[in-house]
file target.tsv (TSV, C-alpha atoms and all ligand atoms)
chain	number	residue	atom	x	y	z
A	949	MET	CA	0.00	0.00	0.00
A	950	SER	CA	1.52	3.35	-0.97
A	951	SER	CA	1.28	6.13	1.60
A	952	THR	CA	1.05	9.81	0.66
A	953	PRO	CA	4.52	11.36	0.77
A	954	ALA	CA	5.07	13.92	3.54
A	955	PRO	CA	4.83	17.50	2.30
A	956	THR	CA	8.28	19.04	2.00
A	957	ILE	CA	9.89	22.33	1.11
A	958	ALA	CA	10.49	20.88	-2.37
A	959	ASN	CA	7.15	22.48	-3.29
A	960	SER	CA	7.72	25.83	-1.57
A	961	LYS	CA	6.90	28.81	-3.75
A	962	CYS	CA	8.59	31.57	-1.80
A	963	ILE	CA	11.25	31.17	0.90
A	964	LEU	CA	12.50	33.83	3.32
A	965	VAL	CA	15.97	33.17	4.78
A	966	THR	CA	17.17	35.38	7.63
A	967	GLY	CA	20.91	35.93	8.05
A	968	ALA	CA	21.53	34.91	4.45
A	969	THR	CA	24.50	37.19	3.86
A	970	SER	CA	27.01	34.58	5.01
A	971	GLY	CA	27.63	31.06	6.31
A	972	ILE	CA	24.80	28.57	6.62
A	973	GLY	CA	22.06	31.01	5.54
A	974	ARG	CA	23.86	31.95	2.37
A	975	ALA	CA	24.77	28.35	1.51
A	976	LEU	CA	21.17	27.20	2.08
A	977	SER	CA	19.78	30.06	-0.02
A	978	LEU	CA	22.01	29.06	-2.93
A	979	LYS	CA	20.82	25.46	-2.60
A	980	PHE	CA	17.15	26.49	-2.41
A	981	LYS	CA	17.57	28.00	-5.87
A	982	GLU	CA	17.96	24.49	-7.22
A	983	LEU	CA	14.64	23.26	-5.82
A	984	PRO	CA	12.25	21.80	-8.42
A	985	SER	CA	9.57	24.34	-7.56
A	986	GLN	CA	12.01	27.17	-8.45
A	987	PRO	CA	10.91	29.27	-5.49
A	988	GLN	CA	11.35	32.96	-5.17
A	989	ILE	CA	14.00	33.42	-2.47
A	990	ILE	CA	14.08	36.42	-0.19
A	991	VAL	CA	17.40	36.87	1.58
A	992	THR	CA	17.84	39.15	4.55
A	993	GLY	CA	20.90	40.32	6.43
A	994	TRP	CA	22.22	43.65	7.43
A	995	ARG	CA	25.39	44.19	5.36
A	996	GLN	CA	24.20	46.08	2.29
A	997	ASP	CA	27.22	45.14	0.12
A	998	GLN	CA	26.49	41.44	0.66
A	999	LEU	CA	22.79	41.97	-0.03
A	1000	ASN	CA	23.62	43.80	-3.29
A	1001	GLU	CA	25.81	40.92	-4.34
A	1002	LEU	CA	23.00	38.42	-3.67
A	1003	ALA	CA	20.51	40.65	-5.53
A	1004	SER	CA	22.83	40.54	-8.56
A	1005	GLN	CA	22.48	36.74	-8.47
A	1006	GLY	CA	18.69	36.93	-8.72
A	1007	PHE	CA	17.71	36.87	-5.05
A	1008	GLU	CA	15.18	39.26	-3.56
A	1009	ALA	CA	17.44	41.03	-1.08
A	1010	VAL	CA	15.93	42.93	1.83
A	1011	ARG	CA	17.81	44.58	4.69
A	1012	ILE	CA	16.14	43.86	8.02
A	1013	ASP	CA	17.86	44.24	11.36
A	1014	PHE	CA	16.58	41.48	13.58
A	1015	GLN	CA	18.00	43.21	16.67
A	1016	LYS	CA	15.67	46.13	16.13
A	1017	GLU	CA	12.80	47.03	18.34
A	1018	LYS	CA	10.25	44.22	18.16
A	1019	GLU	CA	7.27	46.26	16.90
A	1020	GLN	CA	9.48	47.52	14.08
A	1021	LEU	CA	10.53	43.97	13.23
A	1022	LYS	CA	6.88	42.91	13.07
A	1023	LYS	CA	6.07	45.87	10.80
A	1024	ASN	CA	8.97	44.95	8.49
A	1025	LEU	CA	7.76	41.36	8.26
A	1026	HIS	CA	4.15	42.40	7.61
A	1027	ALA	CA	5.40	44.63	4.80
A	1028	LEU	CA	7.34	41.69	3.40
A	1029	VAL	CA	4.22	39.52	3.38
A	1030	GLU	CA	2.31	42.20	1.48
A	1031	ARG	CA	5.08	42.42	-1.07
A	1032	TYR	CA	5.50	38.63	-1.38
A	1033	PRO	CA	2.04	37.10	-0.80
A	1034	ASP	CA	3.28	33.65	-1.88
A	1035	LEU	CA	5.71	33.49	1.06
A	1036	ASP	CA	5.16	30.00	2.47
A	1037	THR	CA	8.51	29.12	4.09
A	1038	VAL	CA	10.72	30.94	6.56
A	1039	VAL	CA	14.20	29.87	7.64
A	1040	LEU	CA	15.07	31.55	10.95
A	1041	ASN	CA	18.83	31.43	10.73
A	1042	ALA	CA	20.27	34.82	11.81
A	1043	GLY	CA	22.38	34.35	14.91
A	1044	ILE	CA	25.38	35.54	16.88
A	1045	GLN	CA	27.64	34.02	19.49
A	1046	HIS	CA	29.72	35.48	22.31
A	1047	GLN	CA	32.07	33.83	24.77
A	1048	PHE	CA	31.38	34.62	28.39
A	1049	ASP	CA	33.52	33.49	31.32
A	1050	PHE	CA	32.17	34.10	34.80
A	1051	ARG	CA	35.60	33.45	36.33
A	1052	SER	CA	37.18	36.37	34.50
A	1053	LEU	CA	34.17	38.61	35.11
A	1054	ARG	CA	35.05	39.26	38.75
A	1055	ALA	CA	38.72	39.95	38.03
A	1056	SER	CA	37.82	42.29	35.17
A	1057	VAL	CA	35.34	44.17	37.30
A	1058	LEU	CA	37.97	44.70	39.97
A	1059	ILE	CA	40.55	45.92	37.46
A	1060	VAL	CA	38.31	48.41	35.75
A	1061	ARG	CA	36.32	49.51	38.80
A	1062	TYR	CA	38.53	52.51	39.42
A	1063	CYS	CA	39.20	53.22	35.72
A	1064	SER	CA	35.89	53.81	34.10
A	1065	ARG	CA	32.31	53.78	35.24
A	1066	PHE	CA	31.26	52.79	31.76
A	1067	CYS	CA	33.38	49.63	31.78
A	1068	VAL	CA	31.93	48.53	35.10
A	1069	HIS	CA	28.46	49.12	33.74
A	1070	HIS	CA	29.36	47.24	30.57
A	1071	LEU	CA	30.60	44.22	32.47
A	1072	LYS	CA	27.82	44.17	35.02
A	1073	TYR	CA	25.03	44.51	32.52
A	1074	ASN	CA	26.88	42.73	29.75
A	1075	PRO	CA	25.06	43.91	26.61
A	1076	GLU	CA	26.14	40.85	24.62
A	1077	VAL	CA	23.92	38.71	26.83
A	1078	THR	CA	20.81	40.62	25.79
A	1079	GLU	CA	21.95	40.96	22.19
A	1080	GLU	CA	22.52	37.22	21.89
A	1081	MET	CA	19.16	36.31	23.41
A	1082	ASN	CA	17.38	38.98	21.34
A	1083	LEU	CA	18.74	37.88	17.99
A	1084	ASN	CA	18.97	34.12	18.51
A	1085	TYR	CA	15.70	33.57	20.37
A	1086	THR	CA	13.34	36.54	20.81
A	1087	SER	CA	13.53	37.72	17.19
A	1088	ALA	CA	12.67	34.19	16.01
A	1089	VAL	CA	9.57	34.14	18.23
A	1090	VAL	CA	8.58	37.62	17.04
A	1091	ALA	CA	8.98	36.48	13.42
A	1092	VAL	CA	6.73	33.47	14.04
A	1093	VAL	CA	4.11	35.70	15.69
A	1094	ALA	CA	4.26	38.15	12.78
A	1095	LEU	CA	4.09	35.52	10.03
A	1096	MET	CA	1.57	33.12	11.61
A	1097	PRO	CA	-1.65	34.87	10.41
A	1098	HIS	CA	-0.32	34.83	6.86
A	1099	PHE	CA	0.65	31.14	7.07
A	1100	GLN	CA	-2.76	30.32	8.58
A	1101	LYS	CA	-4.42	32.07	5.65
A	1102	LEU	CA	-2.38	30.03	3.16
A	1103	ALA	CA	-3.09	26.84	5.12
A	1104	ASP	CA	-6.84	27.59	4.91
A	1105	GLN	CA	-6.37	27.66	1.12
A	1106	GLY	CA	-4.83	24.18	1.22
A	1107	ARG	CA	-1.22	25.30	0.99
A	1108	HIS	CA	1.62	23.81	3.07
A	1109	CYS	CA	3.86	26.23	4.99
A	1110	PHE	CA	7.18	25.61	6.71
A	1111	ILE	CA	8.83	27.25	9.69
A	1112	VAL	CA	12.47	26.19	9.77
A	1113	GLY	CA	14.47	27.03	12.90
A	1114	ILE	CA	18.25	26.74	13.02
A	1115	SER	CA	19.22	25.82	16.57
A	1116	SER	CA	22.50	24.04	17.32
A	1117	GLY	CA	24.01	20.88	18.76
A	1118	LEU	CA	24.63	23.11	21.79
A	1119	SER	CA	20.87	23.34	22.36
A	1120	MET	CA	21.13	19.81	23.73
A	1121	VAL	CA	24.46	19.91	25.61
A	1122	PRO	CA	26.02	23.34	26.31
A	1123	THR	CA	29.66	24.15	25.73
A	1124	ALA	CA	30.61	26.10	28.84
A	1125	TRP	CA	32.62	28.82	27.12
A	1126	VAL	CA	29.48	30.11	25.38
A	1127	PRO	CA	26.91	29.63	28.17
A	1128	ASN	CA	24.42	32.28	27.11
A	1129	TYR	CA	24.60	31.29	23.44
A	1130	ALA	CA	23.91	27.66	24.37
A	1131	ALA	CA	20.99	28.79	26.55
A	1132	SER	CA	19.56	30.87	23.70
A	1133	LYS	CA	19.73	27.82	21.42
A	1134	ALA	CA	18.17	25.58	24.09
A	1135	ALA	CA	15.33	28.12	24.19
A	1136	VAL	CA	14.95	27.94	20.40
A	1137	HIS	CA	14.93	24.13	20.58
A	1138	SER	CA	12.26	24.04	23.30
A	1139	PHE	CA	10.16	26.66	21.49
A	1140	LEU	CA	10.23	24.67	18.23
A	1141	LEU	CA	9.22	21.46	20.02
A	1142	ALA	CA	6.26	23.28	21.57
A	1143	LEU	CA	5.30	25.04	18.34
A	1144	ARG	CA	5.35	21.75	16.45
A	1145	ALA	CA	3.17	20.14	19.12
A	1146	GLN	CA	0.63	23.00	18.84
A	1147	LEU	CA	0.54	22.82	15.04
A	1148	ALA	CA	0.61	19.00	14.77
A	1149	ASP	CA	-1.76	17.51	12.18
A	1150	GLY	CA	-2.10	20.84	10.34
A	1151	SER	CA	-0.51	22.27	7.22
A	1152	ILE	CA	2.04	24.50	8.96
A	1153	HIS	CA	5.11	22.36	9.52
A	1154	VAL	CA	7.93	23.02	11.96
A	1155	ILE	CA	11.45	21.87	11.10
A	1156	GLU	CA	14.49	22.15	13.34
A	1157	VAL	CA	18.03	21.95	12.01
A	1158	MET	CA	20.71	21.36	14.66
A	1159	PRO	CA	24.04	22.12	12.99
A	1160	ARG	CA	27.24	20.77	14.39
A	1161	LEU	CA	30.08	23.15	15.14
A	1162	LEU	CA	31.66	23.86	11.77
A	1163	SER	CA	35.39	23.52	11.23
A	1164	LEU	CA	36.15	27.17	11.84
A	1165	SER	CA	34.34	27.99	15.01
A	1166	PHE	CA	31.44	30.37	14.93
A	1167	THR	CA	33.12	32.27	17.81
A	1168	ILE	CA	36.36	32.81	15.90
A	1169	ARG	CA	34.37	34.05	12.95
A	1170	MET	CA	32.46	36.48	15.17
A	1171	VAL	CA	35.81	37.91	16.31
A	1172	LEU	CA	37.14	38.08	12.74
A	1173	ARG	CA	33.98	39.80	11.61
A	1174	MET	CA	34.44	42.44	14.30
A	1175	LEU	CA	38.00	42.97	13.12
A	1176	PHE	CA	37.20	43.00	9.41
A	1177	PRO	CA	33.60	44.21	9.12
A	1178	LYS	CA	33.95	45.38	5.51
A	1179	ARG	CA	35.36	42.20	4.14
A	1180	GLY	CA	32.90	39.96	5.89
A	1181	CYS	CA	33.88	36.46	6.86
A	1182	ARG	CA	32.33	33.93	4.58
A	1183	TRP	CA	33.40	30.41	5.30
A	1184	ARG	CA	31.75	27.73	3.34
A	1185	SER	CA	29.68	25.02	4.91
A	1186	SER	CA	28.02	22.19	3.05
A	1187	PRO	CA	24.25	22.54	3.32
A	1188	SER	CA	23.61	19.37	1.27
A	1189	SER	CA	22.82	16.98	4.10
A	1190	ARG	CA	20.45	19.50	5.73
A	1191	LEU	CA	18.64	20.07	2.47
A	1192	GLU	CA	18.40	16.37	1.66
A	1193	ALA	CA	16.86	15.70	5.07
A	1194	MET	CA	14.37	18.55	4.58
A	1195	LEU	CA	13.45	17.19	1.15
A	1196	LYS	CA	12.84	13.75	2.68
A	1197	GLY	CA	10.33	15.38	5.02
A	1198	ASP	CA	12.41	15.08	8.22
A	1199	ASP	CA	11.45	17.64	10.82
A	1200	GLU	CA	14.32	17.11	13.28
A	1201	ILE	CA	17.66	17.37	11.53
A	1202	PRO	CA	20.74	16.97	13.72
A	1203	VAL	CA	23.84	17.41	11.59
A	1204	GLY	CA	27.17	15.57	11.95
A	1205	MET	CA	28.21	15.06	15.57
A	1206	SER	CA	24.89	16.57	16.73
A	1207	ALA	CA	23.26	13.33	15.54
A	1208	GLY	CA	24.91	11.28	18.31
A	1209	VAL	CA	23.96	13.81	20.96
A	1210	PHE	CA	20.40	13.88	19.63
A	1211	LYS	CA	20.14	10.08	19.78
A	1212	LYS	CA	21.38	9.99	23.36
A	1213	PHE	CA	19.35	12.84	24.87
A	1214	GLU	CA	16.48	13.86	22.61
A	1215	GLU	CA	14.89	10.85	20.92
A	1216	GLY	CA	11.23	10.55	21.81
A	1217	LYS	CA	10.90	14.11	23.13
A	1218	LYS	CA	8.99	15.31	20.07
A	1219	GLN	CA	6.36	12.56	20.41
A	1220	MET	CA	6.07	13.25	24.13
A	1221	ALA	CA	5.55	16.99	23.56
A	1222	ILE	CA	2.82	16.23	21.01
A	1223	GLN	CA	1.15	13.74	23.35
A	1224	LEU	CA	1.26	16.20	26.27
A	1225	MET	CA	-0.46	18.79	24.08
A	1226	LYS	CA	-3.15	16.29	23.01
A	1227	ASN	CA	-3.75	15.28	26.64
A	1228	HIS	CA	-3.97	18.92	27.67
A	1229	GLU	CA	-6.54	19.69	24.97
A	1230	ALA	CA	-8.56	16.63	25.93
A	1231	GLY	CA	-8.58	17.81	29.54
A	1232	LYS	CA	-6.63	14.72	30.65
A	1233	SER	CA	-4.00	14.70	33.33
A	1234	TYR	CA	-0.39	14.61	32.20
B	1	LIG	N1	28.63	27.82	12.24
B	1	LIG	C1	28.45	26.99	13.26
B	1	LIG	O1	29.40	26.35	13.75
B	1	LIG	C2	27.07	26.81	13.82
B	1	LIG	C3	26.81	25.69	14.61
B	1	LIG	C4	25.53	25.54	15.15
B	1	LIG	C5	24.54	26.48	14.88
B	1	LIG	N2	24.83	27.56	14.11
B	1	LIG	C6	23.73	28.52	13.88
B	1	LIG	O2	23.53	28.67	12.48
B	1	LIG	C7	23.10	30.00	12.22
B	1	LIG	C8	24.00	30.60	11.16
B	1	LIG	O3	25.33	30.53	11.61
B	1	LIG	P1	26.57	30.83	10.63
B	1	LIG	O4	27.69	30.02	11.13
B	1	LIG	O5	26.15	30.71	9.24
B	1	LIG	O6	26.83	32.36	11.05
B	1	LIG	P2	27.33	33.62	10.21
B	1	LIG	O7	28.12	33.18	9.03
B	1	LIG	O8	27.97	34.52	11.18
B	1	LIG	O9	25.94	34.26	9.71
B	1	LIG	C9	25.08	34.90	10.59
B	1	LIG	C10	24.07	35.67	9.79
B	1	LIG	O10	23.22	36.41	10.70
B	1	LIG	C11	23.17	37.75	10.25
B	1	LIG	N3	22.97	38.71	11.32
B	1	LIG	C12	23.79	38.97	12.37
B	1	LIG	N4	23.27	39.96	13.12
B	1	LIG	C13	22.10	40.32	12.52
B	1	LIG	C14	21.09	41.27	12.81
B	1	LIG	N5	21.14	42.06	13.87
B	1	LIG	N6	20.02	41.36	11.98
B	1	LIG	C15	19.92	40.57	10.90
B	1	LIG	N7	20.84	39.65	10.57
B	1	LIG	C16	21.91	39.53	11.38
B	1	LIG	C17	24.50	38.00	9.60
B	1	LIG	O11	24.38	39.14	8.76
B	1	LIG	P3	25.69	39.91	8.22
B	1	LIG	O12	26.50	38.87	7.50
B	1	LIG	O13	25.13	40.92	7.31
B	1	LIG	O14	26.39	40.42	9.44
B	1	LIG	C18	24.70	36.68	8.85
B	1	LIG	O15	24.01	36.69	7.64
B	1	LIG	C19	23.14	30.76	13.54
B	1	LIG	O16	21.84	30.81	14.10
B	1	LIG	C20	24.06	29.89	14.39
B	1	LIG	O17	23.76	30.04	15.76
B	1	LIG	C21	26.06	27.75	13.56
call {"tool": "encode", "arguments": {"input": "target.tsv", "output": "structure tokens", "more": "lines below"}}
Ligand SMILES: NC(=O)c1ccc[n+]([C@@H]2O[C@H](COP(=O)([O-])OP(=O)(O)OC[C@H]3O[C@@H](n4cnc5c(N)ncnc54)[C@H](OP(=O)(O)O)[C@@H]3O)[C@@H](O)[C@H]2O)c1
result
Amino acid sequence: MSSTPAPTIANSKCILVTGATSGIGRALSLKFKELPSQPQIIVTGWRQDQLNELASQGFEAVRIDFQKEKEQLKKNLHALVERYPDLDTVVLNAGIQHQFDFRSLRASVLIVRYCSRFCVHHLKYNPEVTEEMNLNYTSAVVAVVALMPHFQKLADQGRHCFIVGISSGLSMVPTAWVPNYAASKAAVHSFLLALRAQLADGSIHVIEVMPRLLSLSFTIRMVLRMLFPKRGCRWRSSPSSRLEAMLKGDDEIPVGMSAGVFKKFEEGKKQMAIQLMKNHEAGKSY
């Protein structure tokens, strides 16, 4: 007996990729161009030179700062939907990473205490912590809130929509030198599990990609980017395995060494989250 194949992004008509001006987002956007449905691809980032270069390759390039004030971000996304009414897939990829060591925090505070009030303030209320959580987690939630009515409208018309979140292997086991980054990715992971459980059995599908740490660490690249902002730091990563898994209809895609971690700590969680939601709706105890 042949079963109906799971809907996949192979049939997407219009895909929005955030953080597409480098790395994974850029590599995925280039791959999406090869999809059989020949989707329109909207790439966002914040470096205009990189966006211009992508526009010259036939992408719809739009500059949106995902760190911006949340109401503004929602307005930008609503405007995008009006301009691209076929938008049926979003890849929430934009992200940053900072190292943060609590052991050095105390020493640094003592050293700078008598030097500059600003530095003490900076260290105490470390702005990177908020920036990291804002971009990696909060902006993704805001984007889902902003795009959901549009996706629901398409779903009512019988269309399939896809929300693709890029978390990390660190969402499952943190690496201690980037504690806040790992926490922001754990939040993304938990949010996607819950979102999928809410939307189960419908036409809006939630996919999570958990990339492994690429050869040149994300942290080193963040430092290089700060040093050479004009040049940009574009290191290639192979998006093939991620794309193949998405085309197969997988909705949890741990990549490389993340696969082992996923098997050990995460298998079965998705089904449990869905079951908990069903029980809740049926008024049953957990
Ligand atoms: N690379 C890894 O080892 C690894 C491992 C696990 C998970 N991940 C995750 O995969 C995603 C992509 O990582 P990557 O390695 O490809 O990083 P990347 O090369 O540094 O790319 C990050 C993207 O986010 C964009 N971005 C940064 N700040 C932004 C802002 N305020 N508003 C809008 N866009 C902004 C950047 O734009 P500009 O280029 O214009 O600055 C860039 O396009 C991230 O979510 C990351 O956490 C990466």
call {"tool": "closest_residue", "arguments": {"input": "target.tsv", "among": "A:Leu1140, A:Val1203, A:Leu978, A:Ile990", "to": "ligand LIG 1 (chain B)", "atoms": "all atoms listed in the file"}}
result
A:Val1203
call {"tool": "residues_around", "arguments": {"input": "target.tsv", "residues": "Lys1133 of chain A", "least_positions_apart": "5", "cutoff": "12 Å", "atoms": "all atoms listed in the file", "output": "VMD selection string"}}
result
chain A and resid 1041 to 1045 1080 to 1086 1088 1113 to 1123 1126 to 1128 1138 to 1140 1156 to 1159
call {"tool": "closest_residue", "arguments": {"input": "target.tsv", "among": "A:Lys1218, A:Asp1049, A:Lys1232, A:Ser985", "to": "Ala1142 of chain A", "atoms": "all atoms listed in the file"}}
result
A:Lys1218
call {"tool": "atom_distance", "arguments": {"input": "target.tsv", "atom1": "atom CA of Gln988 of chain A", "atom2": "atom C13 of ligand LIG 1 (chain B)"}}
result
22.0 Å
call {"tool": "closest_atom_pairs", "arguments": {"input": "target.tsv", "of": "chain A", "to": "ligand LIG 1 (chain B)", "cutoff": "6 Å", "atoms": "only C-alpha atoms and all ligand atoms", "output": "CSV"}}
result
residue,atom,partner,partner_atom,distance
A:Gly967,CA,B:LIG1,O15,3.2
A:Ala968,CA,B:LIG1,O15,4.4
A:Thr969,CA,B:LIG1,O15,3.8
A:Ser970,CA,B:LIG1,O7,4.4
A:Gly971,CA,B:LIG1,O5,3.3
A:Ile972,CA,B:LIG1,O5,3.6
A:Gly973,CA,B:LIG1,O5,5.5
A:Gly993,CA,B:LIG1,N7,4.2
A:Trp994,CA,B:LIG1,O13,4.0
A:Arg995,CA,B:LIG1,O13,3.8
A:Ile1012,CA,B:LIG1,C15,5.8
A:Asp1013,CA,B:LIG1,N6,3.7
A:Phe1014,CA,B:LIG1,N6,3.8
A:Gln1015,CA,B:LIG1,N5,4.4
A:Asn1041,CA,B:LIG1,O16,4.6
A:Ala1042,CA,B:LIG1,O10,3.5
A:Gly1043,CA,B:LIG1,O16,3.7
A:Ile1044,CA,B:LIG1,O17,5.8
A:Ile1114,CA,B:LIG1,O16,5.5
A:Ser1115,CA,B:LIG1,C5,5.6
A:Ser1116,CA,B:LIG1,C5,4.0
A:Pro1159,CA,B:LIG1,C4,4.3
A:Arg1160,CA,B:LIG1,C3,4.9
A:Leu1161,CA,B:LIG1,O1,3.6
A:Leu1162,CA,B:LIG1,O1,3.9
A:Ser1165,CA,B:LIG1,O1,5.4
A:Phe1166,CA,B:LIG1,N1,4.7
call {"tool": "atom_distance", "arguments": {"input": "target.tsv", "atom1": "atom CA of Ile1222 of chain A", "atom2": "atom CA of Asp1034 of chain A"}}
result
28.8 Å
call {"tool": "closest_residue", "arguments": {"input": "target.tsv", "among": "A:Ala1134, A:Ile1152, A:Ala954, A:Leu1191", "to": "Val1092 of chain A", "atoms": "all atoms listed in the file"}}
result
A:Ile1152
call {"tool": "atom_distance", "arguments": {"input": "target.tsv", "atom1": "atom CA of Val1089 of chain A", "atom2": "atom CA of Lys1212 of chain A"}}
result
27.4 Å
call {"tool": "closest_residue", "arguments": {"input": "target.tsv", "among": "A:Ser1188, A:His1153, A:Ala1221, A:Thr966", "to": "Ile1111 of chain A", "atoms": "only C-alpha atoms"}}
result
A:His1153
call {"tool": "closest_residue", "arguments": {"input": "target.tsv", "among": "A:Asn1024, A:Phe1110, A:Ala1009, A:Val1029", "to": "Leu1195 of chain A", "atoms": "only C-alpha atoms"}}
result
A:Phe1110
call {"tool": "residues_around", "arguments": {"input": "target.tsv", "residues": "Thr956 of chain A", "least_positions_apart": "6", "cutoff": "8 Å", "atoms": "only C-alpha atoms", "output": "VMD selection string"}}
result
chain A and resid 1194 to 1197
call {"tool": "write_last_selection", "arguments": {"input": "target.tsv", "atoms": "C-alpha atoms", "output": "mmCIF file, in the coordinates of the input"}}
result
data_model
loop_
_atom_site.group_PDB
_atom_site.id
_atom_site.type_symbol
_atom_site.label_atom_id
_atom_site.label_comp_id
_atom_site.auth_asym_id
_atom_site.auth_seq_id
_atom_site.Cartn_x
_atom_site.Cartn_y
_atom_site.Cartn_z
ATOM 1 C CA MET A 1194 14.370 18.550 4.580
ATOM 2 C CA LEU A 1195 13.450 17.190 1.150
ATOM 3 C CA LYS A 1196 12.840 13.750 2.680
ATOM 4 C CA GLY A 1197 10.330 15.380 5.020
#
call {"tool": "axis_aligned_box", "arguments": {"input": "target.tsv", "around": "segment 985-993 of chain A", "padding_each_side": "6 Å", "output": "lines of an AutoDock Vina configuration file"}}
result
center_x = 15.2
center_y = 32.3
center_z = -1.0
size_x = 23.3
size_y = 28.0
size_z = 26.9
call {"tool": "closest_residue", "arguments": {"input": "target.tsv", "among": "A:Gln1223, A:Ser960, A:Thr952, A:Thr992", "to": "Leu1025 of chain A", "atoms": "all atoms listed in the file"}}
result
A:Thr992
call {"tool": "residues_around", "arguments": {"input": "target.tsv", "residues": "Ala1094 of chain A", "least_positions_apart": "4", "cutoff": "8 Å", "atoms": "all atoms listed in the file", "output": "PDB file with C-alpha atoms, in the frame of the given file"}}
result
ATOM      1  CA  LYS A1022       6.880  42.910  13.070  1.00  0.00           C
ATOM      2  CA  LEU A1025       7.760  41.360   8.260  1.00  0.00           C
ATOM      3  CA  HIS A1026       4.150  42.400   7.610  1.00  0.00           C
ATOM      4  CA  VAL A1090       8.580  37.620  17.040  1.00  0.00           C
TER       5      VAL A1090
END
call {"tool": "build_atoms", "arguments": {"input": "target.tsv", "residues": "segment 1076-1094 of chain A", "atoms": "N, CA and C atoms", "output": "PDB file, in the coordinates of the input"}}
result
ATOM      1  N   GLU A1076      26.138  42.002  25.535  1.00  0.00           N
ATOM      2  CA  GLU A1076      26.140  40.850  24.620  1.00  0.00           C
ATOM      3  C   GLU A1076      25.101  39.810  25.029  1.00  0.00           C
ATOM      4  N   VAL A1077      24.866  39.711  26.346  1.00  0.00           N
ATOM      5  CA  VAL A1077      23.920  38.710  26.830  1.00  0.00           C
ATOM      6  C   VAL A1077      22.533  38.988  26.247  1.00  0.00           C
ATOM      7  N   THR A1078      22.125  40.251  26.311  1.00  0.00           N
ATOM      8  CA  THR A1078      20.810  40.620  25.790  1.00  0.00           C
ATOM      9  C   THR A1078      20.798  40.509  24.270  1.00  0.00           C
ATOM     10  N   GLU A1079      21.873  40.968  23.652  1.00  0.00           N
ATOM     11  CA  GLU A1079      21.950  40.960  22.190  1.00  0.00           C
ATOM     12  C   GLU A1079      21.815  39.528  21.659  1.00  0.00           C
ATOM     13  N   GLU A1080      22.533  38.625  22.304  1.00  0.00           N
ATOM     14  CA  GLU A1080      22.520  37.220  21.890  1.00  0.00           C
ATOM     15  C   GLU A1080      21.121  36.619  22.030  1.00  0.00           C
ATOM     16  N   MET A1081      20.488  36.873  23.170  1.00  0.00           N
ATOM     17  CA  MET A1081      19.160  36.310  23.410  1.00  0.00           C
ATOM     18  C   MET A1081      18.136  36.956  22.455  1.00  0.00           C
ATOM     19  N   ASN A1082      18.298  38.261  22.233  1.00  0.00           N
ATOM     20  CA  ASN A1082      17.380  38.980  21.340  1.00  0.00           C
ATOM     21  C   ASN A1082      17.423  38.428  19.927  1.00  0.00           C
ATOM     22  N   LEU A1083      18.628  38.305  19.393  1.00  0.00           N
ATOM     23  CA  LEU A1083      18.740  37.880  17.990  1.00  0.00           C
ATOM     24  C   LEU A1083      18.443  36.386  17.849  1.00  0.00           C
ATOM     25  N   ASN A1084      19.072  35.569  18.698  1.00  0.00           N
ATOM     26  CA  ASN A1084      18.970  34.120  18.510  1.00  0.00           C
ATOM     27  C   ASN A1084      17.585  33.576  18.878  1.00  0.00           C
ATOM     28  N   TYR A1085      16.971  34.147  19.916  1.00  0.00           N
ATOM     29  CA  TYR A1085      15.700  33.570  20.370  1.00  0.00           C
ATOM     30  C   TYR A1085      14.501  34.513  20.164  1.00  0.00           C
ATOM     31  N   THR A1086      14.550  35.696  20.806  1.00  0.00           N
ATOM     32  CA  THR A1086      13.340  36.540  20.810  1.00  0.00           C
ATOM     33  C   THR A1086      12.929  36.924  19.383  1.00  0.00           C
ATOM     34  N   SER A1087      13.907  37.279  18.539  1.00  0.00           N
ATOM     35  CA  SER A1087      13.530  37.720  17.190  1.00  0.00           C
ATOM     36  C   SER A1087      12.877  36.566  16.412  1.00  0.00           C
ATOM     37  N   ALA A1088      13.284  35.332  16.696  1.00  0.00           N
ATOM     38  CA  ALA A1088      12.670  34.190  16.010  1.00  0.00           C
ATOM     39  C   ALA A1088      11.207  34.042  16.441  1.00  0.00           C
ATOM     40  N   VAL A1089      10.960  34.237  17.736  1.00  0.00           N
ATOM     41  CA  VAL A1089       9.570  34.140  18.230  1.00  0.00           C
ATOM     42  C   VAL A1089       8.733  35.271  17.625  1.00  0.00           C
ATOM     43  N   VAL A1090       9.306  36.468  17.611  1.00  0.00           N
ATOM     44  CA  VAL A1090       8.580  37.620  17.040  1.00  0.00           C
ATOM     45  C   VAL A1090       8.255  37.352  15.569  1.00  0.00           C
ATOM     46  N   ALA A1091       9.214  36.774  14.851  1.00  0.00           N
ATOM     47  CA  ALA A1091       8.980  36.480  13.420  1.00  0.00           C
ATOM     48  C   ALA A1091       7.837  35.472  13.264  1.00  0.00           C
ATOM     49  N   VAL A1092       7.815  34.462  14.123  1.00  0.00           N
ATOM     50  CA  VAL A1092       6.730  33.470  14.040  1.00  0.00           C
ATOM     51  C   VAL A1092       5.381  34.136  14.327  1.00  0.00           C
ATOM     52  N   VAL A1093       5.357  34.987  15.351  1.00  0.00           N
ATOM     53  CA  VAL A1093       4.110  35.700  15.690  1.00  0.00           C
ATOM     54  C   VAL A1093       3.653  36.547  14.500  1.00  0.00           C
ATOM     55  N   ALA A1094       4.607  37.241  13.881  1.00  0.00           N
ATOM     56  CA  ALA A1094       4.260  38.150  12.780  1.00  0.00           C
ATOM     57  C   ALA A1094       3.800  37.392  11.538  1.00  0.00           C
TER      58      ALA A1094
END
